Each structure stands twice: as C-alpha cells, then as structure tokens.
Amino acid sequence: MLHEIAIIGRGGQGVVSMAKMMAYAALMEGKHGSAIPKYGAERRGAPVISSFRISDEPLRMHSQIRKPDHMIILEIGALPKLIPPQPLKDNSIVAVNYPSTPNIMAKYNPSIVAYLDAAALARKVGLVRSGIPIPSVPMMAAFAKASGLLQQESLIKAVPKLVRNEEMIKINIEAIKKAFEETEVKKFDRIEESTPVA
Amino acid sequence: MATTQRQIDLLTGNEAVSAAVKQIRPDVIAVYPITPSTHIAEMLAQAVDAGELDSEFVKVESEHSAMATCIGAVAAGGRAFTATASQGLLYMAENIFWAGYGRLPMVAAVVNRALAPGWSIWVDHQDTMAMRDAGWGQFYVKNNQEAYDTVIQAYKIAEDHNVYFPFMVALDGFVLSHTASPVEFLTQEEVEEFVPPFNPLFRLHPSEPMSFGAISKPDEYIAMREDLMKSMERAKKVIQDVNIEFAKKFGRDWGGLIEVVGPEDAEIGIVTMSTLAEEAEVAAEQLTKEGMSTSVTRIRSFRPFPGEELAKQISKYDIAIVIDRAISFGNAGQIYIETNSALRDYDVDTKLIGTVMGIGGQDIAYGDIIERVKNLTKKA
C-alpha cells in the first residue's frame with residue numbers, strides 16, 4: 001500500500017536529510033521509499049516541505065505531495081503556509097514536535113496525533129547544530145512509532161548512511177530510542193477546535 | 001541471468017549518473033558545475049581526489065571549455081564525460097555541434113532545466129531540445145535506475161563503429177537529480193564486460209599525422225552529413241540490441257527506442273518522455289479503471305527519432321495525446337511536431353493532439369495528466 005507523507009519544517013531543521021534517512025530505512029525493510037525535496041526557496045529559517053512516499057510496490061510518482069495521507073511536523077508555525085488547513089484523509093497520522101496536540105490540528109482533523117517535545121529531546125541528547133536543536137531524527141522516530149510504517153531497528157541502521165561522525169551516529173541512535181519511549185500517541189474521532197487538547 | 005549479488009543503494013539522479021561514470025572509468029572528465037547538475041561534478045572530482053577513479057579531471061573555466069576538452073580527449077582516442085544543464089548547455093553549444101558533426105563518441109549527462117529569462121532552476125526540456133539537431137543521440141530517462149543503466153548503455157552504443165557519434169543522457173532537474181530512490185548497481189566486472197574498452201575508428205597521434213575538421217568542399221560536406229544521417233539510422237538497431245542484451249544480462253528492459261506501458265488494446269495513447277511518462281503510467285492505470293482504456297508510449301530515444309516504431313504503436317490507438325515539456329515557438333511542442341510527421345510518413349490516421357505541460361518546473365502529478373487527457377479527448 002502507498003503512503004504519502006509530507007514533512008514540514010524550517011530550513012536547517014534537517015527536513016531533507018530526514019526524508020532520505022526514512023527512504024533508507026524503507027529500503028532495509030524491502031520496501032520502496034522515495035524522498036523528494038522541494039528546492040528553490042530553501043534557506044535557514046524558511047518554511048520547507050519534503051515529500052516522502054513509501055510503498056510495497058516500486059514508486060512511479062515524481063510529483064510533490066499536495067494532499068498528504070500523513071504529516072511529520074517539525075515546526076507547527078510553518079504548517080499552514082505549506083499545507084493549507086483542510087481535513088486530512090481517513091486514518092491519517094500526524095507526528096508533531098510539540099509538548100501536546102496543537103489546537104490548529106482541529107482544522108486538519110487527523111485520526112492519530114503523535115506528539116513529542118523533540119526540541120527538548122534533541123537538546124537532552126546533544127543533537128544540536130550551531131546552538132539550535134535538530135528535531136528531525138526524533139520526529140522521524142515519533143512517526144514510526146505511531147504509524148508502524150518503519151521499524152525502530154531499520155531507522156537505527158539508516159543513521160550511518162547519512163551521518164559519518166561516530167559520536168554523532170551514537171547521539172542520533174540515542175535520539176531514536178528516546179523518541180520511541182517518550183512519544184505520546186493519541187487517537188481522535190474528532191478534534192474540537194474550541195477546547196485545547198492534550 | 002547472472003546470479004551475482006548486486007548492491008542496491010539509495011541514490012539521487014546525480015548520484016546515479018556519477019556511480020555509472022565511475023564504473024565506466026573515462027580517461028578524461030571535464031565539467032563546469034551548474035545547478036542542478038553540480039553534484040555530478042563534485043562527486044566525480046571527489047572520486048578522482050580520493051584515488052577511487054584514475055580519470056584526468058580537467059578543471060575548466062566554462063562549459064565551452066569543458067566540451068572543447070572532451071573533443072580533444074576523444075580526438076586523441078580517449079573516453080570522455082561531461083555533465084551540464086540549461087544555460088551551461090547553451091554556452092557549450094558551439095562545441096556540442098563540433099563534437100556531433102565531428103563524429104566524436106562521448107557521453108554528456110544533461111540535467112534538464114528551463115532556460116532564462118525568467119530565471120528558473122527547475123525542469124523543462126527546452127535546453128536539450130535546442131540541441132536536437134547537433135548530431136548527438138538523445139536519451140530521456142524516467143527514473144534514477146534508468147539514468148544509471150542508460151549512462152552505461154550510452155557508452156556502448158556511442159562507441160559502436162556502426163554508430164560513432166556522441167550521446168546525451170537527459171534527466172529531469174530536481175525531479176530526478178535531487179530525488180533519492182533505490183538504484184541497483186552492476187558489478188565492476190559486469191560493466192567492463194558489457195562496455196568493452198573504447199576502440200577509436202580514428203585518432204590524432206604524432207606518429208600518424210592527420211587533420212580533423214579541415215575545410216570541406218560542398219560534395220565532401222554533403223558526404224559527411226549523409227554518413228551521419230545513415231549512422232543515426234543504423235543506431236536505432238544498435239540501441240534496440242543493446243537494450244535487449246542489457247535486459248537479458250541484468251533483468252531490466254527500458255524498451256530500447258520506445259517503451260509502451262498499459263493495456264495491449266488501449267484506445268487512448270499518452271505519448272511523452274522522461275518522468276512525465278512514468279507519472280503518466282499511473283494516470284493511464286486510473287483512466288483504464290474508469291473505462292477509458294489508456295496506455296503510455298514513452299519516447300526513450302528522441303535522437304535518433306523512432307518514427308516507424310512510434311507510428312506503428314500509435315496506429316493501434318483511436319486517439320493519442322502528445323505531452324511536450326518544451327515548445328518550438330511559432331509552431332508547437334517538438335515531440336508533437338515530429339510524431340505528427342512520422343504518422344504522415346507511415347500513413348497512420350490516428351487523431352493526434354499536442355499539449356504542453358510542466359514547463360519552468362511546474363509540478364505535474366498523475367491527477368493533472370488525467371484531467372488534461374479527459375479535457376482533450378472530450379473536445380476531440
């Protein structure tokens with residue numbers, strides 16, 4: 001089955017590398033993954049989106065994902081600009097870097113929200129670049145936990161494909177393990193806009 | 001089929017091209033970096049620097065010089081490679097024609113990118129279409145695996161003495177060049193066995209002095225152009241044979257000149273190239289499910305142009321929609337113009353409709369293709 005996942009964040013948060021790491025993990029599980037970055041306006045701090053597809057069959061689509069099945073959100077403020085508020089499809093999963101379910105989720109109405117304070121986790125394990133915590137790898141793990149689309153073991157195996165430094169490999173693996181522990185997964189029938197949800 | 005354990009890795013289109021070039025081991029690589037082809041230059045330079053590749057990497061100051069360097073290398077009997085895109089290809093143009101008309105077999109990866117102005121770094125086919133009459137073969141690939149496979153095939157085809165002219169391997173900018181997907185490698189032994197060492201038909205050498213590109217009287221000039229035209233014709237069979245041999249040995253069949261995907265008895269045909277063709281495969285499946293039986297005819301070799309093969313395939317359709325990603329201003333899309341002419345040559349009366357999609361990097365999803373096909377067939 002095909003799953004189309006939009007990865008949303010800001011330039012410098014590791015959106016592009018994370019999509020590639022997920023594609024490696026998919027490859028290790030004998031699945032087909034493709035990571036399509038959207039190039040042009042990317043720079044540190046600008047809203048960026050990357051398209052990730054995973055399927056049991058070879059992938060033939062080359063377009064950007066416009067109506068995602070699922071979303072991984074590294075920075076909630078970047079979301080509305082990139083994916084205008086609209087209810088997602090049935091059985092959609094959103095993994096978000098936030099200490100709870102953000103109120104704006106009501107407008108997207110996902111079935112499952114996985115939330116994790118990935119920035120705090122990144123700081124804790126030392127996943128920091130130029131003083132900024134990098135939430136991408138923990139959020140990848142948060143999504144994997146909520147969706148079951150990728151296994152923790154294959155994510156760990158994918159790390160050295162993109163990270164060369166031994167110390168950083170250890171830190172990234174630690175981040176994946178901790179994210180699997182700390183991610184909260186909530187199921188929703190309908191998210192009410194008026195009430196803050198957690 | 002060989003039972004060799006082959007490595008699979010996740011590669012961008014640029015990485016796939018570089019991987020193939022590393023295994024082909026050109027004598028000379030001359031590349032001037034330009035978006036979105038830059039990674040090719042970087043990766044090959046790194047490989048030479050690290051001692052993984054013993055090619056002469058010539059650091060040139062422009063694309064024009066890059067092609068001049070390749071011309072010199074092939075004229076001296078060496079194997080050469082370059083990569084470029086868009087404005088870089090245009091700057092290279094004078095020497096592109098020199099290499100083509102001078103019968104110097106080499107391979108250039110062109111990462112398709114729109115031409116300025118307006119400034120665009122994204123894909124369309126205007127750049128390579130501007131070079132369609134340069135005496136080069138042109139392959140357009142639909143995914144990263146085909147990019148890898150076709151670079152390897154292109155050397156074998158270009159260096160064949162029945163062909164003996166240069167080839168471009170065109171891949172869509174960003175859509176392939178920067179998108180990571182799984183690619184299976186051939187082993188080094190397989191590549192070397194499949195593409196034997198370059199055996200030049202003629203070369204510049206101090207012990208046998210001769211001159212290339214000297215002044216030619218009209219009769220000599222005409223003879224050379226006729227010879228190029230005949231070689232282009234002969235190349236069609238070589239391209240098909242190489243594709244068959246590759247498929248037998250390594251299990252991947254890219255169709256040779258054209259690739260048809262979809263029901264045998266499809267009433268509607270989508271004729272296009274590159275990633276739009278693979279995207280259109282999904283559109284055709286959907287249309288067929290909805291009762292509009294559709295298949296995709298992908299032109300893989302635009303030069304030489306497979307007029308006969310195309311006409312034969314299109315004759316099976318009631319209607320064919322040609323999607324171009326470039327325009328010949330004042331006329332129409334190049335694929336449409338040439339396909340239309342082929343239908344006339346082979347007395348095929350299938351209704352042919354031309355349309356242009358995805359220029360300047362416009363993102364095209366299969367849903368967009370479905371909508372376009374429905375609109376155009378309704379009007380027809």
# chains A, B, ... in the order shown; residues from 1 in each chain; ligands from 1
$ residues_around --residues "Leu116 of chain A" --least-positions-apart "2" --cutoff "6 Å" --atoms "only C-alpha atoms" --output "ChimeraX atom specification"
/A:97-99,118,183
$ write_last_selection --atoms "all heavy atoms" --output "tab-separated table (two decimals), in the first residue's frame"
chain	number	residue	atom	x	y	z
A	97	ASN	N	6.18	18.03	16.51
A	97	ASN	CA	7.15	18.46	17.51
A	97	ASN	C	6.48	19.52	18.38
A	97	ASN	O	6.47	20.70	18.05
A	97	ASN	CB	8.37	19.03	16.77
A	97	ASN	CG	9.36	19.72	17.70
A	97	ASN	OD1	9.36	19.47	18.90
A	97	ASN	ND2	10.19	20.57	17.13
A	98	TYR	N	5.87	19.09	19.47
A	98	TYR	CA	5.07	19.96	20.33
A	98	TYR	C	4.84	19.21	21.63
A	98	TYR	O	4.74	17.99	21.63
A	98	TYR	CB	3.72	20.23	19.63
A	98	TYR	CG	3.08	21.56	19.99
A	98	TYR	CD1	3.66	22.76	19.56
A	98	TYR	CD2	1.90	21.62	20.73
A	98	TYR	CE1	3.07	23.98	19.88
A	98	TYR	CE2	1.31	22.83	21.04
A	98	TYR	CZ	1.91	24.01	20.61
A	98	TYR	OH	1.32	25.20	20.92
A	99	PRO	N	4.71	19.92	22.75
A	99	PRO	CA	4.53	19.19	24.02
A	99	PRO	C	3.13	18.60	24.21
A	99	PRO	O	2.89	17.89	25.17
A	99	PRO	CB	4.82	20.25	25.09
A	99	PRO	CG	5.15	21.52	24.38
A	99	PRO	CD	4.88	21.36	22.94
A	118	ALA	N	10.33	17.35	20.67
A	118	ALA	CA	11.55	16.86	20.01
A	118	ALA	C	12.71	17.84	20.20
A	118	ALA	O	13.87	17.43	20.23
A	118	ALA	CB	11.29	16.61	18.53
A	183	THR	N	7.37	9.45	22.96
A	183	THR	CA	6.26	9.91	22.10
A	183	THR	C	4.91	9.47	22.65
A	183	THR	O	4.72	8.30	22.99
A	183	THR	CB	6.44	9.37	20.66
A	183	THR	OG1	7.67	9.85	20.16
A	183	THR	CG2	5.30	9.80	19.75
$ select_by_dssp --residues "segment 53-192 of chain A" --states "helix (DSSP H, G or I)" --output "PyMOL selection string"
chain A and resi 76-82+105-108+118-125+136-147+152-162+166-182
$ write_last_selection --atoms "C-alpha atoms" --output "short mmCIF file (atom, residue, chain, number, x, y, z; two decimals), in the first residue's frame"
data_model
loop_
_atom_site.label_atom_id
_atom_site.label_comp_id
_atom_site.auth_asym_id
_atom_site.auth_seq_id
_atom_site.Cartn_x
_atom_site.Cartn_y
_atom_site.Cartn_z
CA ILE A 76 3.99 23.90 13.73
CA GLY A 77 4.25 27.56 12.68
CA ALA A 78 5.44 26.50 9.23
CA LEU A 79 2.44 24.23 8.63
CA PRO A 80 -0.46 26.45 7.42
CA LYS A 81 1.67 28.11 4.74
CA LEU A 82 2.76 24.79 3.28
CA MET A 105 -4.84 20.19 14.47
CA ALA A 106 -8.63 20.62 14.68
CA LYS A 107 -8.52 22.12 11.18
CA TYR A 108 -6.71 19.06 9.79
CA ALA A 118 11.55 16.86 20.01
CA ALA A 119 13.45 20.09 20.52
CA ALA A 120 13.83 19.33 24.23
CA LEU A 121 14.80 15.74 23.46
CA ALA A 122 17.37 16.91 20.89
CA ARG A 123 18.93 19.25 23.44
CA LYS A 124 18.99 16.50 26.05
CA VAL A 125 20.88 14.01 23.85
CA SER A 136 14.15 15.80 12.61
CA VAL A 137 15.52 12.44 13.75
CA PRO A 138 13.39 12.23 16.93
CA MET A 139 10.29 13.19 14.91
CA MET A 140 11.03 10.52 12.33
CA ALA A 141 11.05 8.03 15.20
CA ALA A 142 7.83 9.51 16.66
CA PHE A 143 6.08 8.98 13.33
CA ALA A 144 7.45 5.46 13.01
CA LYS A 145 6.12 4.61 16.47
CA ALA A 146 2.64 5.99 15.74
CA SER A 147 2.32 4.56 12.23
CA GLN A 152 12.99 1.26 15.12
CA GLU A 153 15.72 -1.18 14.12
CA SER A 154 15.77 -0.08 10.47
CA LEU A 155 15.80 3.61 11.43
CA ILE A 156 18.85 2.90 13.59
CA LYS A 157 20.50 1.06 10.71
CA ALA A 158 19.78 4.01 8.38
CA VAL A 159 21.63 6.53 10.57
CA PRO A 160 25.21 5.71 9.43
CA LYS A 161 24.07 6.07 5.80
CA LEU A 162 23.77 9.82 6.32
CA GLU A 166 30.97 8.16 15.11
CA GLU A 167 29.92 10.37 18.02
CA MET A 168 27.00 11.84 16.03
CA ILE A 169 25.88 8.35 14.99
CA LYS A 170 25.63 7.40 18.69
CA ILE A 171 23.70 10.58 19.50
CA ASN A 172 21.24 10.04 16.64
CA ILE A 173 20.62 6.43 17.69
CA GLU A 174 20.07 7.57 21.28
CA ALA A 175 17.57 10.17 19.97
CA ILE A 176 15.63 7.48 18.07
CA LYS A 177 15.44 5.20 21.13
CA LYS A 178 14.38 8.02 23.46
CA ALA A 179 11.79 9.26 20.95
CA PHE A 180 10.21 5.79 20.81
CA GLU A 181 9.93 5.89 24.61
CA GLU A 182 8.70 9.46 25.00
#
$ interface_residues --of "chain A" --to "chain B" --cutoff "6 Å" --atoms "only C-alpha atoms" --output "list in words"
Ser34, Ala35, Ile36, Arg60, Met61 and Ser63 of chain A
$ residues_around --residues "Val17 of chain B" --least-positions-apart "4" --cutoff "7 Å" --atoms "only C-alpha atoms" --output "list in words"
Gly13, Val21, Ala147, Tyr148 and Val151 of chain B
$ residues_around --residues "segment 109-111 of chain A" --least-positions-apart "4" --cutoff "7 Å" --atoms "only C-alpha atoms" --output "PDB file with N, CA, C and O atoms, in the first residue's frame"
ATOM      1  N   PRO A  87      -9.336  19.180   6.162  1.00  0.00           N
ATOM      2  CA  PRO A  87      -9.346  17.880   6.826  1.00  0.00           C
ATOM      3  C   PRO A  87      -8.510  16.860   6.039  1.00  0.00           C
ATOM      4  O   PRO A  87      -8.621  16.798   4.815  1.00  0.00           O
ATOM      5  N   LEU A  88      -7.667  16.124   6.735  1.00  0.00           N
ATOM      6  CA  LEU A  88      -6.867  15.090   6.083  1.00  0.00           C
ATOM      7  C   LEU A  88      -7.761  13.890   5.751  1.00  0.00           C
ATOM      8  O   LEU A  88      -8.909  13.826   6.179  1.00  0.00           O
ATOM      9  N   ASP A  90      -9.037   9.865   5.765  1.00  0.00           N
ATOM     10  CA  ASP A  90      -9.289   8.964   6.889  1.00  0.00           C
ATOM     11  C   ASP A  90      -7.991   8.270   7.295  1.00  0.00           C
ATOM     12  O   ASP A  90      -7.118   8.042   6.466  1.00  0.00           O
ATOM     13  N   ASN A  91      -7.928   7.911   8.569  1.00  0.00           N
ATOM     14  CA  ASN A  91      -6.785   7.171   9.113  1.00  0.00           C
ATOM     15  C   ASN A  91      -5.447   7.890   8.963  1.00  0.00           C
ATOM     16  O   ASN A  91      -4.406   7.260   8.825  1.00  0.00           O
ATOM     17  N   SER A  92      -5.506   9.207   8.964  1.00  0.00           N
ATOM     18  CA  SER A  92      -4.259   9.954   8.812  1.00  0.00           C
ATOM     19  C   SER A  92      -3.554  10.084  10.158  1.00  0.00           C
ATOM     20  O   SER A  92      -4.197  10.142  11.215  1.00  0.00           O
ATOM     21  N   ILE A  93      -2.238  10.117  10.074  1.00  0.00           N
ATOM     22  CA  ILE A  93      -1.409  10.208  11.282  1.00  0.00           C
ATOM     23  C   ILE A  93      -0.570  11.471  11.185  1.00  0.00           C
ATOM     24  O   ILE A  93       0.050  11.729  10.141  1.00  0.00           O
ATOM     25  N   VAL A  94      -0.576  12.245  12.260  1.00  0.00           N
ATOM     26  CA  VAL A  94       0.270  13.431  12.298  1.00  0.00           C
ATOM     27  C   VAL A  94       1.233  13.285  13.462  1.00  0.00           C
ATOM     28  O   VAL A  94       0.813  13.032  14.591  1.00  0.00           O
ATOM     29  N   MET A 105      -4.561  21.544  14.986  1.00  0.00           N
ATOM     30  CA  MET A 105      -4.839  20.192  14.465  1.00  0.00           C
ATOM     31  C   MET A 105      -6.333  19.982  14.196  1.00  0.00           C
ATOM     32  O   MET A 105      -6.716  19.164  13.355  1.00  0.00           O
ATOM     33  N   LYS A 187      -5.445   8.835  19.914  1.00  0.00           N
ATOM     34  CA  LYS A 187      -6.410   8.610  18.823  1.00  0.00           C
ATOM     35  C   LYS A 187      -7.572   9.571  18.985  1.00  0.00           C
ATOM     36  O   LYS A 187      -7.980   9.866  20.112  1.00  0.00           O
ATOM     37  N   PHE A 188      -8.091  10.052  17.858  1.00  0.00           N
ATOM     38  CA  PHE A 188      -9.192  11.014  17.906  1.00  0.00           C
ATOM     39  C   PHE A 188     -10.304  10.593  16.964  1.00  0.00           C
ATOM     40  O   PHE A 188     -10.046  10.100  15.868  1.00  0.00           O
ATOM     41  N   ASP A 189     -11.571  10.796  17.396  1.00  0.00           N
ATOM     42  CA  ASP A 189     -12.686  10.692  16.452  1.00  0.00           C
ATOM     43  C   ASP A 189     -12.815  12.035  15.746  1.00  0.00           C
ATOM     44  O   ASP A 189     -12.945  12.130  14.548  1.00  0.00           O
ATOM     45  N   ARG A 190     -12.797  13.068  16.589  1.00  0.00           N
ATOM     46  CA  ARG A 190     -12.876  14.411  16.026  1.00  0.00           C
ATOM     47  C   ARG A 190     -12.209  15.361  17.008  1.00  0.00           C
ATOM     48  O   ARG A 190     -12.457  15.300  18.214  1.00  0.00           O
ATOM     49  N   ILE A 191     -11.323  16.222  16.501  1.00  0.00           N
ATOM     50  CA  ILE A 191     -10.668  17.173  17.392  1.00  0.00           C
ATOM     51  C   ILE A 191     -11.493  18.449  17.426  1.00  0.00           C
ATOM     52  O   ILE A 191     -11.781  19.036  16.385  1.00  0.00           O
TER      53      ILE A 191
END
$ closest_residue --among "B:Glu146, B:Glu245, B:Glu285, B:Glu290" --to "Val183 of chain B" --atoms "only C-alpha atoms"
B:Glu146
$ residues_around --residues "segment 372-375 of chain B" --least-positions-apart "4" --cutoff "8 Å" --atoms "only C-alpha atoms" --output "list in words"
Ile321, Asp368 and Lys379 of chain B
$ write_last_selection --atoms "N, CA, C and O atoms" --output "PDB file, in the first residue's frame"
ATOM      1  N   ILE B 321      -2.563  11.509 -27.238  1.00  0.00           N
ATOM      2  CA  ILE B 321      -2.272  12.831 -26.687  1.00  0.00           C
ATOM      3  C   ILE B 321      -0.761  12.922 -26.512  1.00  0.00           C
ATOM      4  O   ILE B 321      -0.164  12.086 -25.826  1.00  0.00           O
ATOM      5  N   ASP B 368      -3.114  15.604 -12.653  1.00  0.00           N
ATOM      6  CA  ASP B 368      -3.094  16.677 -13.659  1.00  0.00           C
ATOM      7  C   ASP B 368      -3.143  16.086 -15.073  1.00  0.00           C
ATOM      8  O   ASP B 368      -3.778  16.638 -15.976  1.00  0.00           O
ATOM      9  N   LYS B 379     -12.976  17.184 -26.195  1.00  0.00           N
ATOM     10  CA  LYS B 379     -13.051  18.166 -27.275  1.00  0.00           C
ATOM     11  C   LYS B 379     -12.880  17.518 -28.650  1.00  0.00           C
ATOM     12  O   LYS B 379     -13.352  18.039 -29.645  1.00  0.00           O
TER      13      LYS B 379
END
$ atom_distance --atom1 "atom CA of Ile314 of chain B" --atom2 "atom CA of Gly269 of chain B"
7.1 Å
$ select_by_dssp --residues "segment 234-344 of chain B" --states "strand (DSSP E or B)" --output "PyMOL selection string"
chain B and resi 258-261+268-272+294-299+301-303+319-324
$ write_last_selection --atoms "N, CA, C and O atoms" --output "mmCIF file, in the first residue's frame"
data_model
loop_
_atom_site.group_PDB
_atom_site.id
_atom_site.type_symbol
_atom_site.label_atom_id
_atom_site.label_comp_id
_atom_site.auth_asym_id
_atom_site.auth_seq_id
_atom_site.Cartn_x
_atom_site.Cartn_y
_atom_site.Cartn_z
ATOM 1 N N ILE B 258 11.421 3.002 -27.841
ATOM 2 C CA ILE B 258 10.195 3.448 -27.164
ATOM 3 C C ILE B 258 9.776 2.379 -26.149
ATOM 4 O O ILE B 258 10.137 1.214 -26.288
ATOM 5 N N GLU B 259 9.044 2.814 -25.147
ATOM 6 C CA GLU B 259 8.533 1.873 -24.148
ATOM 7 C C GLU B 259 7.028 2.064 -24.032
ATOM 8 O O GLU B 259 6.563 3.190 -23.863
ATOM 9 N N VAL B 260 6.285 0.960 -24.152
ATOM 10 C CA VAL B 260 4.824 1.043 -24.058
ATOM 11 C C VAL B 260 4.388 0.370 -22.762
ATOM 12 O O VAL B 260 4.753 -0.775 -22.497
ATOM 13 N N VAL B 261 3.634 1.089 -21.939
ATOM 14 C CA VAL B 261 3.151 0.542 -20.667
ATOM 15 C C VAL B 261 1.639 0.719 -20.611
ATOM 16 O O VAL B 261 1.135 1.828 -20.761
ATOM 17 N N ILE B 268 -6.755 4.905 -26.007
ATOM 18 C CA ILE B 268 -6.128 6.217 -25.876
ATOM 19 C C ILE B 268 -4.644 6.023 -25.592
ATOM 20 O O ILE B 268 -4.261 5.162 -24.791
ATOM 21 N N GLY B 269 -3.820 6.806 -26.257
ATOM 22 C CA GLY B 269 -2.374 6.746 -26.010
ATOM 23 C C GLY B 269 -1.887 8.070 -25.452
ATOM 24 O O GLY B 269 -2.308 9.130 -25.918
ATOM 25 N N ILE B 270 -1.011 7.989 -24.446
ATOM 26 C CA ILE B 270 -0.326 9.194 -23.986
ATOM 27 C C ILE B 270 1.120 9.059 -24.459
ATOM 28 O O ILE B 270 1.797 8.092 -24.115
ATOM 29 N N VAL B 271 1.559 9.994 -25.293
ATOM 30 C CA VAL B 271 2.917 9.933 -25.845
ATOM 31 C C VAL B 271 3.731 11.037 -25.188
ATOM 32 O O VAL B 271 3.391 12.224 -25.307
ATOM 33 N N THR B 272 4.770 10.645 -24.452
ATOM 34 C CA THR B 272 5.594 11.661 -23.797
ATOM 35 C C THR B 272 6.965 11.088 -23.436
ATOM 36 O O THR B 272 7.313 10.001 -23.913
ATOM 37 N N THR B 294 -6.302 3.208 -21.565
ATOM 38 C CA THR B 294 -5.195 4.097 -21.925
ATOM 39 C C THR B 294 -3.848 3.425 -21.688
ATOM 40 O O THR B 294 -3.656 2.734 -20.686
ATOM 41 N N SER B 295 -2.912 3.621 -22.595
ATOM 42 C CA SER B 295 -1.528 3.204 -22.337
ATOM 43 C C SER B 295 -0.577 4.362 -22.610
ATOM 44 O O SER B 295 -0.953 5.362 -23.226
ATOM 45 N N VAL B 296 0.651 4.217 -22.118
ATOM 46 C CA VAL B 296 1.664 5.261 -22.291
ATOM 47 C C VAL B 296 2.713 4.787 -23.284
ATOM 48 O O VAL B 296 3.238 3.683 -23.155
ATOM 49 N N THR B 297 2.980 5.598 -24.301
ATOM 50 C CA THR B 297 4.086 5.325 -25.214
ATOM 51 C C THR B 297 5.174 6.343 -24.907
ATOM 52 O O THR B 297 5.004 7.536 -25.132
ATOM 53 N N ARG B 298 6.248 5.830 -24.314
ATOM 54 C CA ARG B 298 7.328 6.721 -23.905
ATOM 55 C C ARG B 298 8.442 6.716 -24.954
ATOM 56 O O ARG B 298 8.947 5.667 -25.333
ATOM 57 N N ILE B 299 8.798 7.901 -25.406
ATOM 58 C CA ILE B 299 9.940 8.016 -26.312
ATOM 59 C C ILE B 299 11.186 8.067 -25.444
ATOM 60 O O ILE B 299 11.365 8.976 -24.649
ATOM 61 N N SER B 301 14.434 7.262 -26.871
ATOM 62 C CA SER B 301 15.450 7.828 -27.752
ATOM 63 C C SER B 301 14.764 8.887 -28.612
ATOM 64 O O SER B 301 13.980 8.554 -29.501
ATOM 65 N N PHE B 302 15.044 10.152 -28.318
ATOM 66 C CA PHE B 302 14.475 11.212 -29.167
ATOM 67 C C PHE B 302 15.354 11.430 -30.399
ATOM 68 O O PHE B 302 14.868 11.831 -31.448
ATOM 69 N N ARG B 303 16.646 11.160 -30.251
ATOM 70 C CA ARG B 303 17.570 11.133 -31.387
ATOM 71 C C ARG B 303 18.408 9.882 -31.270
ATOM 72 O O ARG B 303 19.077 9.734 -30.249
ATOM 73 N N ILE B 319 -7.037 7.588 -30.439
ATOM 74 C CA ILE B 319 -6.601 8.965 -30.252
ATOM 75 C C ILE B 319 -5.314 8.952 -29.412
ATOM 76 O O ILE B 319 -5.175 8.110 -28.528
ATOM 77 N N ALA B 320 -4.401 9.836 -29.734
ATOM 78 C CA ALA B 320 -3.165 9.916 -28.947
ATOM 79 C C ALA B 320 -2.920 11.359 -28.534
ATOM 80 O O ALA B 320 -3.076 12.285 -29.324
ATOM 81 N N ILE B 321 -2.563 11.509 -27.238
ATOM 82 C CA ILE B 321 -2.272 12.831 -26.687
ATOM 83 C C ILE B 321 -0.761 12.922 -26.512
ATOM 84 O O ILE B 321 -0.164 12.086 -25.826
ATOM 85 N N VAL B 322 -0.149 13.901 -27.133
ATOM 86 C CA VAL B 322 1.306 14.078 -27.005
ATOM 87 C C VAL B 322 1.570 15.186 -25.990
ATOM 88 O O VAL B 322 1.077 16.305 -26.142
ATOM 89 N N ILE B 323 2.320 14.844 -24.947
ATOM 90 C CA ILE B 323 2.641 15.857 -23.931
ATOM 91 C C ILE B 323 4.100 16.280 -24.085
ATOM 92 O O ILE B 323 5.015 15.474 -23.923
ATOM 93 N N ASP B 324 4.308 17.537 -24.417
ATOM 94 C CA ASP B 324 5.652 18.101 -24.522
ATOM 95 C C ASP B 324 5.989 18.889 -23.271
ATOM 96 O O ASP B 324 5.110 19.505 -22.662
#
$ closest_residue --among "B:Ala223, B:Val356, B:Val107, B:Leu186" --to "Gln145 of chain B" --atoms "only C-alpha atoms"
B:Leu186
$ residues_around --residues "segment 87-93 of chain B" --least-positions-apart "3" --cutoff "9 Å" --atoms "only C-alpha atoms" --output "list in words"
Tyr32, Pro33, Ile34, Ser62, Glu63, His64, Ser65, Ala66, Met67, Ala68, Ala83, Thr84, Ile96, Phe97, Trp98, Val110, Arg113, Ala114, Leu115, Ala116, Asp127, Thr128, Ala130, Met131 and Ala134 of chain B
$ residues_around --residues "Ser130 of chain A" --least-positions-apart "5" --cutoff "12 Å" --atoms "only C-alpha atoms" --output "JSON, numbers by chain"
{"A": [12, 13, 44, 123]}
$ closest_residue --among "B:His39, B:Ala50, B:Gly361, B:Ala76" --to "Glu208 of chain B" --atoms "only C-alpha atoms"
B:Ala76
$ atom_distance --atom1 "atom CA of Pro68 of chain A" --atom2 "atom CA of Met1 of chain A"
14.2 Å
$ closest_residue --among "B:Thr377, B:Ser315, B:Ser328, B:Thr82" --to "Asp347 of chain B" --atoms "only C-alpha atoms"
B:Ser315
$ closest_residue --among "A:Ile73, A:Ile8, A:Val15, A:His3" --to "Asp56 of chain A" --atoms "only C-alpha atoms"
A:His3
$ atom_distance --atom1 "atom CA of Phe212 of chain B" --atom2 "atom CA of Ser231 of chain B"
18.7 Å
$ closest_residue --among "B:Arg132, B:Val74, B:Ala247, B:Arg103" --to "Glu338 of chain B" --atoms "only C-alpha atoms"
B:Arg132
